[in-house]
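Undergrad: This is the structure I have questions about; it appears just below.
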Amino acid sequence: MKKDLLSVYDLDREDIRIIFQNAVKLKKMQQDGEIYTPLKGKTLGMIFDKSSTRTRISFEVGMYQLGGLALFLSSRDTQLGRGESIPDTARIMSRYLNAIMIRTYSQELVEEVARHATIPVINGLTDREHPCQILSDLFTVMEKKGDYKGLKIAYIGDGNNIANSWIDAAARLPFKLAFACPEGYEPDQSILKRGMREAEKGITVYRDPVDAVHGADVVYTDVWTSMGQEAEQEARKSIFRDYQINKTLLAHARKDVMVILM
């Protein structure tokens with residue numbers, strides 16, 4: 001049975017443990033110069049409606065290092081949602097490829113592709129979710145802090161796709177999550193309500209970033225203006241000016257605080 005990665009919420013705690021366990025092993029093998037090619041003969045189709053630097057490099061290099069091929073497809077290269085229906089495109093791609101990664105605007109598009117594809121589908125970013133980013137960041141937290149269990153992670157800024165995926169992670173893993181977002185820029189309410197209901201260590205939303213950062217082990221922030229919001233850039237600068245990560249704000253966190261700036 002195929003397994004998709006459309007949201008961190010699609011994974012359970014054991015799934016994440018296995019992903020991180022394998023990541024530790026693969027990273028050490030790579031650092032030791034050991035050749036390991038379990039994906040030899042496999043092809044990943046990468047559909048990009050949104051441009052990217054890190055996402056494209058990460059998937060292409062990862063596939064190459066594991067012996068597979070990453071095939072880049074821009075929105076101009078496919079008939080996804082245009083000449084062909086999404087179900088037909090998903091079925092056709094399933095005949096040629098072993099997996100699909102999509103970086104696009106609509107979460108619904110990714111979910112529809114996954115419903116009709118017979119191969120795994122990975123969400124490389126949508127306006128609502130960014131699961132691969134949060135899994136990567138959590139792995140880094142684990143490397144630097146020894147574990148993520150019991151930590152307080154503070155997210156400061158826009159309640160965007162990154163924020164939504166942090167909520168999904170907190171719903172699955174035992175760490176405490178605190179948000180500070182301006183009014184009108186909160187995370188997706190359905191995701192937030194589900195996360196607050198299910199998070200073992202709790203999720204709290206504040207207006208004042210000082211309240212969110214107080215006693216935090218990790219402080220995280222993302223860009224204030226995401227791709228497609230360029231017309232709002234100046235207005236957002238004004239709205240988010242009090243949400244800058246600086247020494248004054250970090251003085252309220254733990255002395256050994258880890259800062260992640262996206």
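Identifiers in the structure tokens: chain A, B, ... in order shown; residue index from 1 per chain; ligand index from 1 in order shown.
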What lies within 12 Å of Arg54 of chain A using only C-alpha atoms, ignoring chain neighbours under 5 positions off, as a list in words?
TA: Phe59, Glu60, Val61, Gly62, Arg103, Gly124, Leu125, Cys132, Gln133, Ser136 and Met262 of chain A
Undergrad: Store the residues picked out above in a file with N, CA and C atoms, as a PDB file, in the first residue's frame.
TA:
```
ATOM      1  N   PHE A  59      15.961  17.751  -3.229  1.00  0.00           N
ATOM      2  CA  PHE A  59      15.386  16.541  -3.820  1.00  0.00           C
ATOM      3  C   PHE A  59      16.280  15.977  -4.925  1.00  0.00           C
ATOM      4  N   GLU A  60      16.840  16.840  -5.762  1.00  0.00           N
ATOM      5  CA  GLU A  60      17.698  16.349  -6.847  1.00  0.00           C
ATOM      6  C   GLU A  60      18.957  15.690  -6.299  1.00  0.00           C
ATOM      7  N   VAL A  61      19.623  16.363  -5.366  1.00  0.00           N
ATOM      8  CA  VAL A  61      20.860  15.809  -4.808  1.00  0.00           C
ATOM      9  C   VAL A  61      20.570  14.539  -4.018  1.00  0.00           C
ATOM     10  N   GLY A  62      19.467  14.547  -3.255  1.00  0.00           N
ATOM     11  CA  GLY A  62      19.110  13.364  -2.478  1.00  0.00           C
ATOM     12  C   GLY A  62      18.872  12.150  -3.363  1.00  0.00           C
ATOM     13  N   ARG A 103       5.390  21.032  -5.819  1.00  0.00           N
ATOM     14  CA  ARG A 103       5.525  22.310  -5.114  1.00  0.00           C
ATOM     15  C   ARG A 103       4.615  23.303  -5.835  1.00  0.00           C
ATOM     16  N   GLY A 124       5.861  19.191  -1.651  1.00  0.00           N
ATOM     17  CA  GLY A 124       7.080  19.986  -1.533  1.00  0.00           C
ATOM     18  C   GLY A 124       6.828  21.408  -1.102  1.00  0.00           C
ATOM     19  N   LEU A 125       5.585  21.798  -0.946  1.00  0.00           N
ATOM     20  CA  LEU A 125       5.110  23.082  -0.417  1.00  0.00           C
ATOM     21  C   LEU A 125       3.792  23.405  -1.090  1.00  0.00           C
ATOM     22  N   CYS A 132       7.861  18.849   4.535  1.00  0.00           N
ATOM     23  CA  CYS A 132       9.277  18.469   4.428  1.00  0.00           C
ATOM     24  C   CYS A 132      10.167  19.472   5.166  1.00  0.00           C
ATOM     25  N   GLN A 133       9.810  20.751   5.117  1.00  0.00           N
ATOM     26  CA  GLN A 133      10.596  21.770   5.809  1.00  0.00           C
ATOM     27  C   GLN A 133      10.582  21.536   7.311  1.00  0.00           C
ATOM     28  N   SER A 136      12.583  18.508   8.348  1.00  0.00           N
ATOM     29  CA  SER A 136      14.020  18.824   8.288  1.00  0.00           C
ATOM     30  C   SER A 136      14.443  19.662   9.485  1.00  0.00           C
ATOM     31  N   MET A 262      14.184  31.427   8.852  1.00  0.00           N
ATOM     32  CA  MET A 262      13.893  30.946   7.505  1.00  0.00           C
ATOM     33  C   MET A 262      13.934  32.092   6.509  1.00  0.00           C
TER      34      MET A 262
END
```
Undergrad: Which neighbours of Leu109 of chain A fall inside 12 Å, counting only C-alpha atoms, when residues of the same chain fewer than 4 positions from it are skipped, and could you give them as an MDAnalysis selection string?
TA: chainID A and resid 6 47 49 80:81 85:87 89:90 102:105 113:116 121 123 125:128
Undergrad: Identify, on the basis of only C-alpha atoms, every residue whose closest approach to segment 12-23 of chain A does not exceed 8 Å; exclude the query and any residue fewer than 6 positions from it along the same chain; express the result as a PyMOL selection string.
TA: chain A and resi 139+172-173
Undergrad: Figure out the distance between atom CA of Phe72 of chain A and atom CA of Leu44 of chain A, please, to one decimal in Å.
TA: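 Interatomic distance here is 8.6 Å.
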Undergrad: If we count only C-alpha atoms, what is near Ala178 of chain A at a cut-off of 10 Å, once residues fewer than 4 positions away on the same chain are taken out, given as a PDB file with N, CA, C and O atoms, in the first residue's frame?
TA:
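Below is the file selection-v3.pdb, written as the result:
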```
ATOM      1  N   LYS A 152      10.277  23.499  24.487  1.00  0.00           N
ATOM      2  CA  LYS A 152       9.329  24.542  24.115  1.00  0.00           C
ATOM      3  C   LYS A 152       9.845  25.210  22.845  1.00  0.00           C
ATOM      4  O   LYS A 152      10.944  25.748  22.822  1.00  0.00           O
ATOM      5  N   ILE A 153       9.055  25.152  21.791  1.00  0.00           N
ATOM      6  CA  ILE A 153       9.409  25.775  20.519  1.00  0.00           C
ATOM      7  C   ILE A 153       8.482  26.972  20.311  1.00  0.00           C
ATOM      8  O   ILE A 153       7.253  26.843  20.377  1.00  0.00           O
ATOM      9  N   ALA A 154       9.060  28.140  20.082  1.00  0.00           N
ATOM     10  CA  ALA A 154       8.292  29.365  19.881  1.00  0.00           C
ATOM     11  C   ALA A 154       8.373  29.781  18.416  1.00  0.00           C
ATOM     12  O   ALA A 154       9.471  29.904  17.865  1.00  0.00           O
ATOM     13  N   TYR A 155       7.224  29.989  17.822  1.00  0.00           N
ATOM     14  CA  TYR A 155       7.149  30.454  16.431  1.00  0.00           C
ATOM     15  C   TYR A 155       6.682  31.903  16.459  1.00  0.00           C
ATOM     16  O   TYR A 155       5.616  32.218  17.016  1.00  0.00           O
ATOM     17  N   ILE A 156       7.464  32.800  15.825  1.00  0.00           N
ATOM     18  CA  ILE A 156       7.173  34.229  15.852  1.00  0.00           C
ATOM     19  C   ILE A 156       6.937  34.727  14.428  1.00  0.00           C
ATOM     20  O   ILE A 156       7.812  34.568  13.565  1.00  0.00           O
ATOM     21  N   TRP A 166       4.007  23.301  11.677  1.00  0.00           N
ATOM     22  CA  TRP A 166       4.486  23.189  13.060  1.00  0.00           C
ATOM     23  C   TRP A 166       3.355  22.716  13.975  1.00  0.00           C
ATOM     24  O   TRP A 166       3.574  21.916  14.890  1.00  0.00           O
ATOM     25  N   ILE A 167       2.148  23.202  13.737  1.00  0.00           N
ATOM     26  CA  ILE A 167       0.999  22.750  14.532  1.00  0.00           C
ATOM     27  C   ILE A 167       0.772  21.258  14.331  1.00  0.00           C
ATOM     28  O   ILE A 167       0.556  20.509  15.295  1.00  0.00           O
ATOM     29  N   GLY A 202       0.671  20.723  24.452  1.00  0.00           N
ATOM     30  CA  GLY A 202      -0.072  21.963  24.366  1.00  0.00           C
ATOM     31  C   GLY A 202       0.426  22.936  23.308  1.00  0.00           C
ATOM     32  O   GLY A 202       1.614  22.976  22.975  1.00  0.00           O
ATOM     33  N   ILE A 203      -0.511  23.723  22.777  1.00  0.00           N
ATOM     34  CA  ILE A 203      -0.229  24.786  21.811  1.00  0.00           C
ATOM     35  C   ILE A 203      -0.910  26.052  22.309  1.00  0.00           C
ATOM     36  O   ILE A 203      -2.082  26.032  22.659  1.00  0.00           O
ATOM     37  N   THR A 204      -0.167  27.154  22.334  1.00  0.00           N
ATOM     38  CA  THR A 204      -0.703  28.424  22.813  1.00  0.00           C
ATOM     39  C   THR A 204      -0.420  29.514  21.795  1.00  0.00           C
ATOM     40  O   THR A 204       0.672  29.562  21.232  1.00  0.00           O
ATOM     41  N   VAL A 205      -1.396  30.384  21.555  1.00  0.00           N
ATOM     42  CA  VAL A 205      -1.241  31.498  20.620  1.00  0.00           C
ATOM     43  C   VAL A 205      -1.271  32.807  21.397  1.00  0.00           C
ATOM     44  O   VAL A 205      -2.185  33.043  22.199  1.00  0.00           O
ATOM     45  N   TYR A 206      -0.256  33.642  21.182  1.00  0.00           N
ATOM     46  CA  TYR A 206      -0.144  34.940  21.843  1.00  0.00           C
ATOM     47  C   TYR A 206      -0.124  36.057  20.807  1.00  0.00           C
ATOM     48  O   TYR A 206       0.090  35.815  19.613  1.00  0.00           O
ATOM     49  N   PRO A 209       5.151  38.733  21.255  1.00  0.00           N
ATOM     50  CA  PRO A 209       6.202  37.732  21.054  1.00  0.00           C
ATOM     51  C   PRO A 209       6.988  37.420  22.318  1.00  0.00           C
ATOM     52  O   PRO A 209       7.520  36.317  22.448  1.00  0.00           O
ATOM     53  N   ASP A 211       5.774  36.941  25.266  1.00  0.00           N
ATOM     54  CA  ASP A 211       5.054  35.868  25.960  1.00  0.00           C
ATOM     55  C   ASP A 211       5.342  34.512  25.313  1.00  0.00           C
ATOM     56  O   ASP A 211       5.505  33.510  26.010  1.00  0.00           O
ATOM     57  N   ALA A 212       5.405  34.492  24.004  1.00  0.00           N
ATOM     58  CA  ALA A 212       5.660  33.229  23.305  1.00  0.00           C
ATOM     59  C   ALA A 212       7.085  32.732  23.538  1.00  0.00           C
ATOM     60  O   ALA A 212       7.316  31.532  23.698  1.00  0.00           O
ATOM     61  N   VAL A 213       8.028  33.642  23.548  1.00  0.00           N
ATOM     62  CA  VAL A 213       9.451  33.284  23.651  1.00  0.00           C
ATOM     63  C   VAL A 213       9.856  32.942  25.081  1.00  0.00           C
ATOM     64  O   VAL A 213      10.861  32.256  25.300  1.00  0.00           O
ATOM     65  N   HIS A 214       9.088  33.375  26.057  1.00  0.00           N
ATOM     66  CA  HIS A 214       9.474  33.182  27.468  1.00  0.00           C
ATOM     67  C   HIS A 214       9.779  31.707  27.757  1.00  0.00           C
ATOM     68  O   HIS A 214       8.944  30.827  27.604  1.00  0.00           O
ATOM     69  N   ALA A 216      11.640  29.650  26.102  1.00  0.00           N
ATOM     70  CA  ALA A 216      11.706  28.785  24.922  1.00  0.00           C
ATOM     71  C   ALA A 216      13.093  28.172  24.745  1.00  0.00           C
ATOM     72  O   ALA A 216      14.117  28.810  25.015  1.00  0.00           O
ATOM     73  N   VAL A 219      13.616  29.132  19.087  1.00  0.00           N
ATOM     74  CA  VAL A 219      12.833  30.244  18.540  1.00  0.00           C
ATOM     75  C   VAL A 219      12.940  30.178  17.025  1.00  0.00           C
ATOM     76  O   VAL A 219      14.036  30.105  16.474  1.00  0.00           O
TER      77      VAL A 219
END
```
Undergrad: Measure the distance from atom CA of Phe240 of chain A to atom CA of Leu135 of chain A in Å and round it to one decimal.
TA: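 Computed distance, atom CA of Phe240 of chain A to atom CA of Leu135 of chain A, equals 25.8 Å.
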Undergrad: Run DSSP on the backbone and grab whatever in segment 62-166 of chain A lands in strand (DSSP E); send it over as a PyMOL selection string.
TA: chain A and resi 69-74+99-103+121-125+152-156
Undergrad: Mind checking DSSP for segment 5-150 of chain A and telling me the alpha helix (DSSP H) residues as JSON, numbers by chain?
TA: {"A": [13, 14, 15, 16, 17, 18, 19, 20, 21, 22, 23, 24, 25, 26, 27, 28, 29, 30, 31, 54, 55, 56, 57, 58, 59, 60, 61, 62, 63, 64, 65, 86, 87, 88, 89, 90, 91, 92, 93, 94, 95, 96, 107, 108, 109, 110, 111, 112, 113, 114, 115, 116, 131, 132, 133, 134, 135, 136, 137, 138, 139, 140, 141, 142, 143, 144, 145]}
Undergrad: Quick one, how far is atom CA of Ser94 of chain A from atom CA of Thr118 of chain A?
TA: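 Value for the atom CA of Ser94 of chain A-atom CA of Thr118 of chain A distance: 5.7 Å.
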Undergrad: Identify, on the basis of only C-alpha atoms, every residue whose closest approach to Ile119 of chain A does not exceed 6 Å; exclude the query and any residue fewer than 2 positions from it along the same chain; express the result as a PyMOL selection string.
TA: chain A and resi 94+98-99+117
Undergrad: Looking at A:Met101, A:Gly150, A:Ile92, A:Glu143, which one is nearest to Ser58 of chain A, with distances taken over only C-alpha atoms?
TA: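 Comparing A:Met101, A:Gly150, A:Ile92, A:Glu143 against Ser58 of chain A, the winner is A:Met101.
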